[in-house]
$ cat my_file05.txt   # compact mmCIF, C-alpha atoms
# COMPACT_ATOMS: atom_id res chain seq x y z
CA MET N 261 0.49 3.85 -2.27
CA VAL N 262 3.56 1.58 -2.09
CA LYS N 263 6.11 2.80 0.45
CA THR N 264 9.86 2.41 -0.05
CA TRP N 265 12.30 1.02 2.49
CA ASP N 266 13.42 4.53 3.47
CA GLN N 267 9.83 5.72 4.03
CA LEU N 268 8.98 2.73 6.21
CA GLU N 269 12.24 3.08 8.12
CA GLU N 270 11.00 6.49 9.31
CA LEU N 271 7.93 4.77 10.79
CA GLN N 272 9.59 1.72 12.38
CA PRO N 273 13.38 2.20 12.55
CA THR N 274 14.04 -0.55 15.13
CA VAL N 275 12.03 -3.20 13.26
CA LEU N 276 13.69 -2.44 9.93
CA LYS N 277 17.19 -2.37 11.43
CA MET N 278 16.65 -5.93 12.70
CA LEU N 279 15.25 -7.09 9.36
CA LYS N 280 18.04 -5.38 7.42
CA ASN N 281 20.63 -7.31 9.46
CA SER N 282 18.77 -10.58 8.87
CA LEU N 283 18.69 -9.99 5.11
CA LEU N 284 22.36 -8.98 4.89
CA LYS N 285 23.45 -12.02 6.92
CA HIS N 286 21.04 -14.36 5.07
CA ARG N 287 19.46 -15.31 8.39
CA VAL N 288 15.79 -14.65 7.69
CA ALA N 289 13.61 -16.48 10.22
CA HIS N 290 11.07 -19.03 9.05
CA ALA N 291 8.27 -17.22 10.93
CA TYR N 292 7.76 -13.65 12.16
CA LEU N 293 5.03 -12.24 14.37
CA LEU N 294 4.47 -8.55 13.59
CA GLU N 295 2.53 -7.15 16.54
CA GLY N 296 1.28 -3.63 17.21
CA ILE N 297 -1.76 -1.38 16.93
CA ARG N 298 -3.54 -0.87 13.62
CA GLY N 299 -1.96 1.61 11.22
CA THR N 300 1.67 1.21 12.33
CA GLY N 301 2.93 -0.36 9.09
CA LYS N 302 2.79 -4.11 9.81
CA LYS N 303 1.34 -5.16 6.47
CA GLU N 304 3.52 -2.74 4.48
CA ILE N 305 6.69 -4.02 6.13
CA ALA N 306 5.67 -7.68 5.65
CA LEU N 307 5.25 -6.93 1.94
CA LEU N 308 8.54 -5.02 1.88
CA ILE N 309 10.50 -8.00 3.26
CA THR N 310 8.61 -10.35 0.94
CA LYS N 311 9.80 -8.24 -2.00
CA ALA N 312 13.35 -8.31 -0.63
CA LEU N 313 13.20 -12.14 -0.58
CA PHE N 314 12.07 -12.37 -4.21
CA CYS N 315 13.69 -9.27 -5.75
CA ASP N 316 15.89 -9.81 -8.81
CA SER N 317 17.94 -6.62 -8.29
CA LEU N 318 18.37 -5.90 -4.57
CA LEU N 319 19.79 -2.48 -3.74
CA GLU N 320 22.61 -2.41 -1.16
CA GLY N 321 22.03 -6.10 -0.56
CA TYR N 322 18.68 -5.73 1.24
CA LYS N 323 16.36 -3.12 -0.34
CA PRO N 324 13.87 -4.33 -2.96
CA CYS N 325 14.29 -2.44 -6.24
CA GLU N 326 10.49 -1.99 -6.68
CA THR N 327 10.89 -2.19 -10.46
CA CYS N 328 11.74 -5.83 -11.30
CA HIS N 329 9.12 -8.35 -12.41
CA ASN N 330 8.81 -9.95 -8.94
CA CYS N 331 8.54 -6.65 -7.04
CA ARG N 332 5.84 -5.40 -9.39
CA ARG N 333 3.81 -8.61 -9.11
CA ILE N 334 4.00 -8.61 -5.30
CA ASN N 335 2.87 -4.97 -5.24
CA SER N 336 -0.10 -5.87 -7.44
CA GLY N 337 -0.92 -8.98 -5.38
CA ASN N 338 -0.28 -11.38 -8.27
CA HIS N 339 2.83 -13.36 -7.30
CA PRO N 340 2.12 -17.13 -7.46
CA ASP N 341 4.43 -17.96 -4.53
CA VAL N 342 3.10 -15.30 -2.14
CA HIS N 343 -0.09 -16.28 -0.31
CA LYS N 344 -2.30 -14.18 1.96
CA VAL N 345 -4.87 -15.35 4.50
CA GLU N 346 -7.43 -13.00 6.03
CA PRO N 347 -10.41 -13.64 8.33
CA ASP N 348 -13.41 -15.20 6.62
CA GLY N 349 -16.08 -13.25 8.46
CA LEU N 350 -15.14 -12.95 12.13
CA SER N 351 -12.45 -15.63 12.19
CA ILE N 352 -9.82 -17.54 10.25
CA LYS N 353 -11.16 -21.05 9.71
CA LYS N 354 -9.33 -24.38 9.89
CA GLN N 355 -10.08 -24.98 6.20
CA GLN N 356 -8.22 -21.78 5.24
CA ILE N 357 -5.07 -23.01 6.99
CA GLN N 358 -5.46 -26.47 5.45
CA ASP N 359 -5.79 -24.90 2.00
CA LEU N 360 -2.60 -22.97 2.71
CA GLN N 361 -0.80 -26.16 3.78
CA GLN N 362 -1.94 -27.93 0.63
CA GLU N 363 -0.65 -25.04 -1.49
CA PHE N 364 2.70 -25.19 0.26
CA SER N 365 3.02 -28.95 -0.21
CA LYS N 366 3.40 -28.22 -3.93
CA LYS N 367 6.67 -27.12 -5.44
CA GLY N 368 7.07 -23.37 -5.89
CA VAL N 369 5.81 -22.15 -9.24
CA GLU N 370 8.94 -20.21 -10.13
CA SER N 371 11.46 -21.01 -7.38
CA SER N 372 11.72 -23.03 -4.19
CA ARG N 373 10.89 -19.98 -2.04
CA LYS N 374 7.40 -19.34 -0.73
CA VAL N 375 5.92 -16.72 1.60
CA TYR N 376 2.61 -16.62 3.39
CA MET N 377 1.08 -13.76 5.34
CA ILE N 378 -1.75 -14.18 7.88
CA SER N 379 -3.55 -10.94 8.74
CA ASP N 380 -5.32 -10.71 12.12
CA ALA N 381 -3.65 -13.98 13.15
CA ASP N 382 -5.22 -13.65 16.62
CA LYS N 383 -8.60 -14.34 14.98
CA MET N 384 -7.73 -17.92 14.10
CA SER N 385 -10.15 -20.48 15.47
CA VAL N 386 -8.65 -23.03 17.89
CA SER N 387 -8.61 -25.70 15.19
CA ALA N 388 -7.04 -23.28 12.69
CA ALA N 389 -4.35 -22.34 15.21
CA ASN N 390 -3.58 -26.01 15.89
CA SER N 391 -3.30 -26.68 12.15
CA LEU N 392 -0.93 -23.74 11.78
CA LEU N 393 1.15 -25.01 14.71
CA LYS N 394 1.84 -28.26 12.87
CA PHE N 395 2.88 -26.21 9.87
CA LEU N 396 5.29 -24.11 11.99
CA GLU N 397 6.77 -27.16 13.72
CA GLU N 398 8.17 -28.46 10.41
CA PRO N 399 9.64 -25.33 8.83
CA ASN N 400 11.04 -25.41 5.33
CA SER N 401 14.20 -23.33 4.93
CA GLN N 402 12.69 -21.70 1.84
CA THR N 403 9.37 -20.83 3.49
CA THR N 404 8.77 -17.60 5.40
CA ALA N 405 5.64 -16.79 7.40
CA PHE N 406 4.42 -13.38 8.51
CA LEU N 407 1.73 -13.38 11.21
CA LEU N 408 0.17 -9.95 11.79
CA SER N 409 -1.65 -9.24 15.05
CA GLU N 410 -2.99 -6.41 17.17
CA GLN N 411 -3.62 -8.78 20.09
CA PRO N 412 -0.75 -11.29 20.28
CA GLN N 413 -1.87 -12.38 23.76
CA GLN N 414 -4.76 -14.15 22.00
CA LEU N 415 -2.36 -16.46 20.12
CA LEU N 416 -1.30 -19.87 21.42
CA PRO N 417 1.95 -19.66 23.43
CA THR N 418 3.30 -22.52 21.31
CA ILE N 419 2.79 -20.40 18.16
CA LEU N 420 4.47 -17.40 19.78
CA SER N 421 7.46 -19.53 20.75
CA ARG N 422 8.03 -20.52 17.12
CA CYS N 423 8.02 -16.95 15.78
CA GLN N 424 10.53 -14.14 15.93
CA ILE N 425 8.46 -11.34 17.48
CA LEU N 426 8.78 -7.84 16.04
CA SER N 427 6.99 -5.16 18.08
CA PHE N 428 5.70 -2.15 16.16
CA LYS N 429 5.74 1.09 18.16
CA PRO N 430 3.00 3.74 17.95
CA LEU N 431 4.06 6.51 15.58
CA SER N 432 5.47 9.75 17.00
CA PRO N 433 3.45 12.91 16.25
CA LEU N 434 6.24 14.16 13.94
CA ALA N 435 6.34 10.89 12.00
CA MET N 436 2.54 11.01 11.76
CA ILE N 437 2.57 14.57 10.42
CA ASN N 438 5.18 13.67 7.79
CA GLN N 439 3.29 10.59 6.66
CA LEU N 440 -0.05 12.39 6.50
CA THR N 441 1.25 15.36 4.50
CA GLU N 442 3.18 13.06 2.14
CA ASN N 443 -0.12 11.30 1.42
CA GLY N 444 -2.07 14.42 0.60
CA VAL N 445 -3.45 15.58 3.97
CA ASN N 446 -3.58 19.36 4.29
CA PRO N 447 -0.54 20.52 6.35
CA MET N 448 -2.91 22.73 8.35
CA LYS N 449 -4.90 19.65 9.44
CA ALA N 450 -2.12 17.09 9.94
CA PRO N 451 -0.85 18.34 13.36
CA LEU N 452 -4.35 18.10 14.88
CA LEU N 453 -4.85 14.57 13.56
CA ALA N 454 -1.41 13.54 14.85
CA GLN N 455 -2.37 14.68 18.36
CA LEU N 456 -5.64 12.76 18.35
CA THR N 457 -4.28 9.40 17.16
CA ASN N 458 -1.00 7.66 16.35
CA ASN N 459 -2.82 5.30 14.01
CA LEU N 460 -2.41 6.31 10.36
CA ASP N 461 -5.56 4.50 9.20
CA GLU N 462 -7.67 6.28 11.81
CA ALA N 463 -6.10 9.64 10.94
CA TYR N 464 -7.00 9.21 7.26
CA GLU N 465 -10.57 8.26 8.23
CA LEU N 466 -10.91 11.35 10.44
CA ASN N 467 -9.48 13.57 7.72
CA GLY N 468 -12.28 12.61 5.33
CA ASP N 469 -15.06 12.48 7.93
CA ASP N 470 -17.73 15.19 7.68
CA TRP N 471 -18.81 14.51 11.29
CA PHE N 472 -15.27 15.24 12.50
CA ALA N 473 -15.03 18.44 10.44
CA GLN N 474 -18.27 19.70 12.00
CA ALA N 475 -17.12 18.58 15.46
CA GLN N 476 -14.10 20.90 15.25
CA LYS N 477 -16.33 23.88 14.41
CA ILE N 478 -18.68 23.18 17.33
CA VAL N 479 -15.80 22.82 19.79
CA VAL N 480 -14.24 26.11 18.67
CA LYS N 481 -17.65 27.80 18.95
CA LEU N 482 -18.18 26.43 22.46
CA TYR N 483 -14.82 27.82 23.55
CA GLU N 484 -15.59 31.24 22.05
CA VAL N 485 -19.04 31.38 23.65
CA LEU N 486 -17.50 30.54 27.01
CA ARG N 487 -15.06 33.41 26.50
CA LYS N 488 -17.44 36.09 25.30
CA ASN N 489 -20.79 35.27 26.85
CA PRO N 490 -20.74 32.42 29.39
CA LEU N 491 -24.52 32.62 29.79
CA GLU N 492 -24.91 31.41 26.21
CA ALA N 493 -22.75 28.33 26.82
CA MET N 494 -25.68 26.22 28.06
CA VAL N 495 -27.69 27.25 25.00
CA THR N 496 -24.81 26.13 22.74
CA LEU N 497 -24.63 22.83 24.62
CA GLN N 498 -28.33 22.14 24.08
CA GLY N 499 -28.57 23.49 20.55
CA GLU N 500 -25.37 22.17 19.02
CA TRP N 501 -23.17 20.01 21.27
CA PHE N 502 -25.73 17.42 22.36
CA THR N 503 -27.19 17.08 18.86
CA HIS N 504 -23.76 16.33 17.37
CA PHE N 505 -21.90 14.48 20.12
CA LYS N 506 -24.34 11.66 20.87
CA GLU N 507 -22.33 8.51 21.54
CA LYS N 508 -19.88 8.18 24.40
CA GLU N 509 -16.97 7.82 21.98
CA GLN N 510 -18.03 10.98 20.13
CA ILE N 511 -18.28 12.96 23.38
CA ASN N 512 -14.81 11.78 24.35
CA ARG N 513 -13.52 12.96 20.98
CA GLY N 514 -15.14 16.34 21.55
CA LEU N 515 -13.45 16.64 24.94
CA ASP N 516 -10.11 15.78 23.33
CA LEU N 517 -10.60 18.59 20.81
CA LEU N 518 -11.57 21.04 23.56
CA LEU N 519 -8.49 20.08 25.55
CA LEU N 520 -6.28 20.74 22.51
CA ILE N 521 -7.60 24.32 22.25
CA PHE N 522 -6.48 25.03 25.81
CA LYS N 523 -3.14 23.35 25.15
CA ASP N 524 -2.66 25.59 22.11
CA LEU N 525 -3.29 28.67 24.25
CA LEU N 526 -0.69 27.48 26.74
CA TYR N 527 1.84 26.78 23.97
CA ILE N 528 1.35 30.33 22.68
CA GLN N 529 1.98 31.74 26.16
CA LEU N 530 5.15 29.64 26.41
CA ASP N 531 6.28 30.93 23.00
CA LYS N 532 5.98 27.48 21.40
CA GLN N 533 3.75 28.51 18.51
CA GLU N 534 5.17 25.73 16.32
CA GLN N 535 3.41 23.18 18.56
CA ILE N 536 -0.14 24.51 18.18
CA VAL N 537 -2.47 22.18 16.29
CA PHE N 538 -5.52 24.37 15.55
CA LYS N 539 -3.50 26.03 12.79
CA ALA N 540 -6.50 27.59 11.04
CA GLU N 541 -7.47 29.37 14.28
CA SER N 542 -3.93 30.49 15.18
CA ASP N 543 -4.50 34.26 14.77
CA ARG N 544 -7.56 34.25 17.03
CA LEU N 545 -5.88 31.94 19.54
CA ARG N 546 -2.91 34.31 19.84
CA GLN N 547 -5.30 37.09 20.80
CA TYR N 548 -7.17 34.88 23.27
CA ALA N 549 -3.90 33.76 24.88
CA LEU N 550 -3.19 37.37 25.84
CA GLU N 551 -6.45 37.53 27.76
CA THR N 552 -5.91 34.66 30.20
CA SER N 553 -3.25 33.28 32.54
CA GLY N 554 -1.24 30.08 32.52
CA ARG N 555 -2.68 29.10 35.88
CA ARG N 556 -6.22 29.60 34.61
CA LEU N 557 -5.47 27.46 31.53
CA SER N 558 -3.99 24.73 33.74
CA ASP N 559 -7.14 24.68 35.90
CA GLN N 560 -9.36 24.49 32.83
CA MET N 561 -7.36 21.61 31.33
CA SER N 562 -7.63 19.78 34.65
CA ALA N 563 -11.42 20.27 34.54
CA ILE N 564 -11.58 18.71 31.06
CA LEU N 565 -9.46 15.74 32.13
CA GLU N 566 -11.73 15.24 35.13
CA ALA N 567 -14.76 15.32 32.79
CA LYS N 568 -13.13 12.60 30.64
CA ARG N 569 -12.59 10.51 33.78
CA LYS N 570 -16.26 10.92 34.79
CA LEU N 571 -17.40 10.01 31.27
CA ALA N 572 -15.31 6.83 31.45
CA ALA N 573 -16.95 6.08 34.82
CA ASN N 574 -20.37 6.30 33.11
CA MET N 575 -21.57 9.59 34.56
CA ASN N 576 -24.61 10.97 32.73
CA PRO N 577 -23.05 12.77 29.72
CA GLN N 578 -25.44 15.71 29.86
CA LEU N 579 -24.81 16.36 33.56
CA MET N 580 -21.07 15.90 33.01
CA MET N 581 -20.97 18.52 30.22
CA GLU N 582 -23.11 21.02 32.12
CA GLU N 583 -20.83 20.64 35.15
CA LEU N 584 -17.76 21.06 32.92
CA VAL N 585 -19.09 24.26 31.38
CA LEU N 586 -19.69 25.70 34.86
CA ASN N 587 -16.16 24.70 35.92
CA LEU N 588 -14.67 26.32 32.84
CA GLN N 589 -16.54 29.54 33.68
CA GLU N 590 -15.51 29.72 37.34
CA GLY N 591 -13.55 32.79 38.37
CA SER N 592 -13.89 36.18 36.79
CA SER N 593 -14.57 35.45 33.15
CA PHE N 594 -11.50 33.86 31.48
CA VAL N 595 -8.91 35.97 33.27

$ encode --input "my_file05.txt" --output "structure tokens"
Amino acid sequence: MVKTWDQLEELQPTVLKMLKNSLLKHRVAHAYLLEGIRGTGKKEIALLITKALFCDSLLEGYKPCETCHNCRRINSGNHPDVHKVEPDGLSIKKQQIQDLQQEFSKKGVESSRKVYMISDADKMSVSAANSLLKFLEEPNSQTTAFLLSEQPQQLLPTILSRCQILSFKPLSPLAMINQLTENGVNPMKAPLLAQLTNNLDEAYELNGDDWFAQAQKIVVKLYEVLRKNPLEAMVTLQGEWFTHFKEKEQINRGLDLLLLIFKDLLYIQLDKQEQIVFKAESDRLRQYALETSGRRLSDQMSAILEAKRKLAANMNPQLMMEELVLNLQEGSSFV
């Protein structure tokens, strides 16, 4: 779905303020490096500024109209003077950059302006990067480059020095929730996803992932078993947890979900119900919150964080989980 200027400004206000000023003052740089983690809007904003450069009917002097012939063709990926380069396999090859240079040696099809966008620019081979450097050293005033990267430290310093660097910040939980719900994610699920990741792409993947849906059910069940019948917790670990959470990354995700349950209980005790993320379980969680203390919850959250640390240090996952369950049970029940 194509996002408007106003929608993208919610995601990256600082980046768009800088670009707005450049457009209004007609001082667009010949090369930009858009750097930040996946899912923070780099590609969408590169396309947005590309539309602003070609738009026939700019709004307020900088916003693309989204309806003119050029805007529509850029949105559909069919503009003859907008060129995109993406990795061919694991890397961007020298030949891809040479093909781009050859294309740009020709006159623009419809105007003198041309734009090129290189996704995953850090994956350029050494020879490709050197070819691009020659291209950047002789900028044409009517040519604009957008280099997109999650790992800018992998790029040649000489390439970095020839780009205006725009850093994309991780999305805030509130911005994440708004974006997710606007794009069809159930409002009951969006807060949980926004706590687990600030990467929109990853959040959408989790939302449609059957494994993740089942993971939430198992984590809630483990918590309830710990509450009601601690002796059954080891049975639940063997029968359900270890069969579902197999890889290290999956176990870590399970621990994150478990931690969020305890956080929800603490938020309820602090009368911050609006911050709970297990929305579907909110009625039961309110009841459970009455049956424990803030100190107990704090100790239990510390135990989960310690388990995550041990997992990262490569402790045997089965021993780590069994130890965690015992730590969560310590004391007189959950009181």

$ atom_distance --input "my_file05.txt" --atom1 "atom CA of N:Gln474" --atom2 "atom CA of N:Ala540"
14.2 Å

$ closest_atom_pairs --input "my_file05.txt" --of "stretch 279-300 of chain N" --to "stretch 384-397 of chain N" --cutoff "12 Å" --atoms "only C-alpha atoms" --output "JSON lines"
{"residue": "N:Ala289", "atom": "CA", "partner": "N:Leu396", "partner_atom": "CA", "distance": 11.4}
{"residue": "N:His290", "atom": "CA", "partner": "N:Leu396", "partner_atom": "CA", "distance": 8.2}
{"residue": "N:Ala291", "atom": "CA", "partner": "N:Leu396", "partner_atom": "CA", "distance": 7.6}
{"residue": "N:Tyr292", "atom": "CA", "partner": "N:Leu396", "partner_atom": "CA", "distance": 10.7}

$ write_last_selection --input "my_file05.txt" --atoms "C-alpha atoms" --output "mmCIF file, in the frame of the given file"
data_model
loop_
_atom_site.group_PDB
_atom_site.id
_atom_site.type_symbol
_atom_site.label_atom_id
_atom_site.label_comp_id
_atom_site.auth_asym_id
_atom_site.auth_seq_id
_atom_site.Cartn_x
_atom_site.Cartn_y
_atom_site.Cartn_z
ATOM 1 C CA ALA N 289 13.610 -16.480 10.220
ATOM 2 C CA HIS N 290 11.070 -19.030 9.050
ATOM 3 C CA ALA N 291 8.270 -17.220 10.930
ATOM 4 C CA TYR N 292 7.760 -13.650 12.160
#

$ residues_around --input "my_file05.txt" --residues "N:Lys277" --least-positions-apart "4" --cutoff "12 Å" --atoms "all atoms listed in the file" --output "VMD selection string"
chain N and resid 265 to 266 268 to 273 281 to 284 305 309 322 to 323 426

$ atom_distance --input "my_file05.txt" --atom1 "atom CA of N:Thr310" --atom2 "atom CA of N:Glu363"
17.5 Å

$ atom_distance --input "my_file05.txt" --atom1 "atom CA of N:Asp531" --atom2 "atom CA of N:Tyr483"
21.3 Å

$ closest_atom_pairs --input "my_file05.txt" --of "stretch 518-581 of chain N" --to "stretch 432-447 of chain N" --cutoff "12 Å" --atoms "only C-alpha atoms" --output "Markdown table"
| residue | atom | partner | partner_atom | distance |
| --- | --- | --- | --- | --- |
| N:Glu534 | CA | N:Leu434 | CA | 11.9 |
| N:Gln535 | CA | N:Leu434 | CA | 10.5 |
| N:Val537 | CA | N:Pro447 | CA | 10.3 |
| N:Phe538 | CA | N:Pro447 | CA | 11.1 |
| N:Lys539 | CA | N:Pro447 | CA | 9.0 |
| N:Ala540 | CA | N:Pro447 | CA | 10.4 |

$ closest_residue --input "my_file05.txt" --among "N:Leu319, N:Ala572, N:Ile425, N:Met278" --to "N:Glu295" --atoms "all atoms listed in the file"
N:Ile425

$ residues_around --input "my_file05.txt" --residues "N:Ile536" --least-positions-apart "2" --cutoff "10 Å" --atoms "all atoms listed in the file" --output "MDAnalysis selection string"
chainID N and resid 451:452 520:528 532:534 538:539 541:542 545

$ write_last_selection --input "my_file05.txt" --atoms "C-alpha atoms" --output "tab-separated table (two decimals), in the frame of the given file"
chain	number	residue	atom	x	y	z
N	451	PRO	CA	-0.85	18.34	13.36
N	452	LEU	CA	-4.35	18.10	14.88
N	520	LEU	CA	-6.28	20.74	22.51
N	521	ILE	CA	-7.60	24.32	22.25
N	522	PHE	CA	-6.48	25.03	25.81
N	523	LYS	CA	-3.14	23.35	25.15
N	524	ASP	CA	-2.66	25.59	22.11
N	525	LEU	CA	-3.29	28.67	24.25
N	526	LEU	CA	-0.69	27.48	26.74
N	527	TYR	CA	1.84	26.78	23.97
N	528	ILE	CA	1.35	30.33	22.68
N	532	LYS	CA	5.98	27.48	21.40
N	533	GLN	CA	3.75	28.51	18.51
N	534	GLU	CA	5.17	25.73	16.32
N	538	PHE	CA	-5.52	24.37	15.55
N	539	LYS	CA	-3.50	26.03	12.79
N	541	GLU	CA	-7.47	29.37	14.28
N	542	SER	CA	-3.93	30.49	15.18
N	545	LEU	CA	-5.88	31.94	19.54

$ closest_residue --input "my_file05.txt" --among "N:Lys374, N:Lys383, N:Asn330, N:Ser421" --to "N:Leu350" --atoms "all atoms listed in the file"
N:Lys383

$ axis_aligned_box --input "my_file05.txt" --around "stretch 266-285 of chain N" --padding-each-side "3 Å" --output "JSON"
{"center_x": 15.7, "center_y": -2.8, "center_z": 9.3, "size_x": 21.5, "size_y": 24.5, "size_z": 17.7}

$ residues_around --input "my_file05.txt" --residues "N:Glu326" --least-positions-apart "5" --cutoff "10 Å" --atoms "only C-alpha atoms" --output "MDAnalysis selection string"
chainID N and resid 262:265 308 311:312 315:319 331:335

$ residues_around --input "my_file05.txt" --residues "N:Leu518" --least-positions-apart "2" --cutoff "12 Å" --atoms "all atoms listed in the file" --output "MDAnalysis selection string"
chainID N and resid 452 456 475:484 486 501 511:516 520:525 537:538 557 560:565 567:568 581 584:585 588

$ closest_residue --input "my_file05.txt" --among "N:Tyr548, N:His343, N:Asp348, N:Ala381" --to "N:Leu415" --atoms "all atoms listed in the file"
N:Ala381

$ closest_residue --input "my_file05.txt" --among "N:Glu551, N:His329, N:Phe502, N:Leu453" --to "N:Asp469" --atoms "only C-alpha atoms"
N:Leu453

$ closest_residue --input "my_file05.txt" --among "N:Leu313, N:Glu500, N:Pro430, N:Phe472" --to "N:Asn458" --atoms "only C-alpha atoms"
N:Pro430

$ residues_around --input "my_file05.txt" --residues "N:Val275" --least-positions-apart "4" --cutoff "8 Å" --atoms "all atoms listed in the file" --output "MDAnalysis selection string"
chainID N and resid 279 426:428

$ closest_residue --input "my_file05.txt" --among "N:Ser365, N:Gln455, N:Ser336, N:Thr327" --to "N:Leu307" --atoms "only C-alpha atoms"
N:Ser336

$ build_atoms --input "my_file05.txt" --residues "stretch 448-455 of chain N" --atoms "all heavy atoms" --output "compact mmCIF listing (two decimals), in the frame of the given file"
# COMPACT_ATOMS: atom_id res chain seq x y z
N MET N 448 -2.24 22.02 7.26
CA MET N 448 -2.91 22.73 8.35
C MET N 448 -3.69 21.77 9.24
O MET N 448 -3.96 22.06 10.41
CB MET N 448 -3.87 23.78 7.78
CG MET N 448 -3.19 24.87 6.98
SD MET N 448 -2.38 26.09 8.03
CE MET N 448 -3.78 27.11 8.48
N LYS N 449 -4.09 20.61 8.68
CA LYS N 449 -4.90 19.65 9.44
C LYS N 449 -4.07 18.54 10.08
O LYS N 449 -4.47 17.97 11.10
CB LYS N 449 -5.94 19.01 8.51
CG LYS N 449 -6.96 19.98 7.94
CD LYS N 449 -7.94 19.23 7.04
CE LYS N 449 -8.99 20.15 6.44
NZ LYS N 449 -9.92 19.41 5.56
N ALA N 450 -2.91 18.24 9.49
CA ALA N 450 -2.12 17.09 9.94
C ALA N 450 -1.72 17.15 11.41
O ALA N 450 -1.80 16.14 12.11
CB ALA N 450 -0.90 16.92 9.04
N PRO N 451 -1.27 18.31 11.94
CA PRO N 451 -0.85 18.34 13.36
C PRO N 451 -1.98 17.98 14.32
O PRO N 451 -1.76 17.31 15.33
CB PRO N 451 -0.39 19.79 13.56
CG PRO N 451 0.03 20.24 12.20
CD PRO N 451 -0.95 19.60 11.27
N LEU N 452 -3.20 18.42 14.03
CA LEU N 452 -4.35 18.10 14.88
C LEU N 452 -4.62 16.60 14.86
O LEU N 452 -4.80 15.97 15.91
CB LEU N 452 -5.58 18.87 14.41
CG LEU N 452 -6.89 18.58 15.15
CD1 LEU N 452 -6.77 18.94 16.62
CD2 LEU N 452 -8.06 19.32 14.51
N LEU N 453 -4.61 16.01 13.67
CA LEU N 453 -4.85 14.57 13.56
C LEU N 453 -3.77 13.78 14.30
O LEU N 453 -4.07 12.78 14.95
CB LEU N 453 -4.86 14.16 12.07
CG LEU N 453 -6.00 14.75 11.23
CD1 LEU N 453 -5.75 14.51 9.75
CD2 LEU N 453 -7.34 14.13 11.65
N ALA N 454 -2.52 14.25 14.20
CA ALA N 454 -1.41 13.54 14.85
C ALA N 454 -1.50 13.59 16.37
O ALA N 454 -0.95 12.73 17.06
CB ALA N 454 -0.08 14.11 14.38
N GLN N 455 -2.19 14.60 16.91
CA GLN N 455 -2.37 14.68 18.36
C GLN N 455 -3.52 13.79 18.84
O GLN N 455 -3.52 13.34 19.98
CB GLN N 455 -2.64 16.13 18.78
CG GLN N 455 -1.41 17.00 18.84
CD GLN N 455 -0.40 16.51 19.87
OE1 GLN N 455 -0.75 16.14 20.98
NE2 GLN N 455 0.87 16.53 19.49
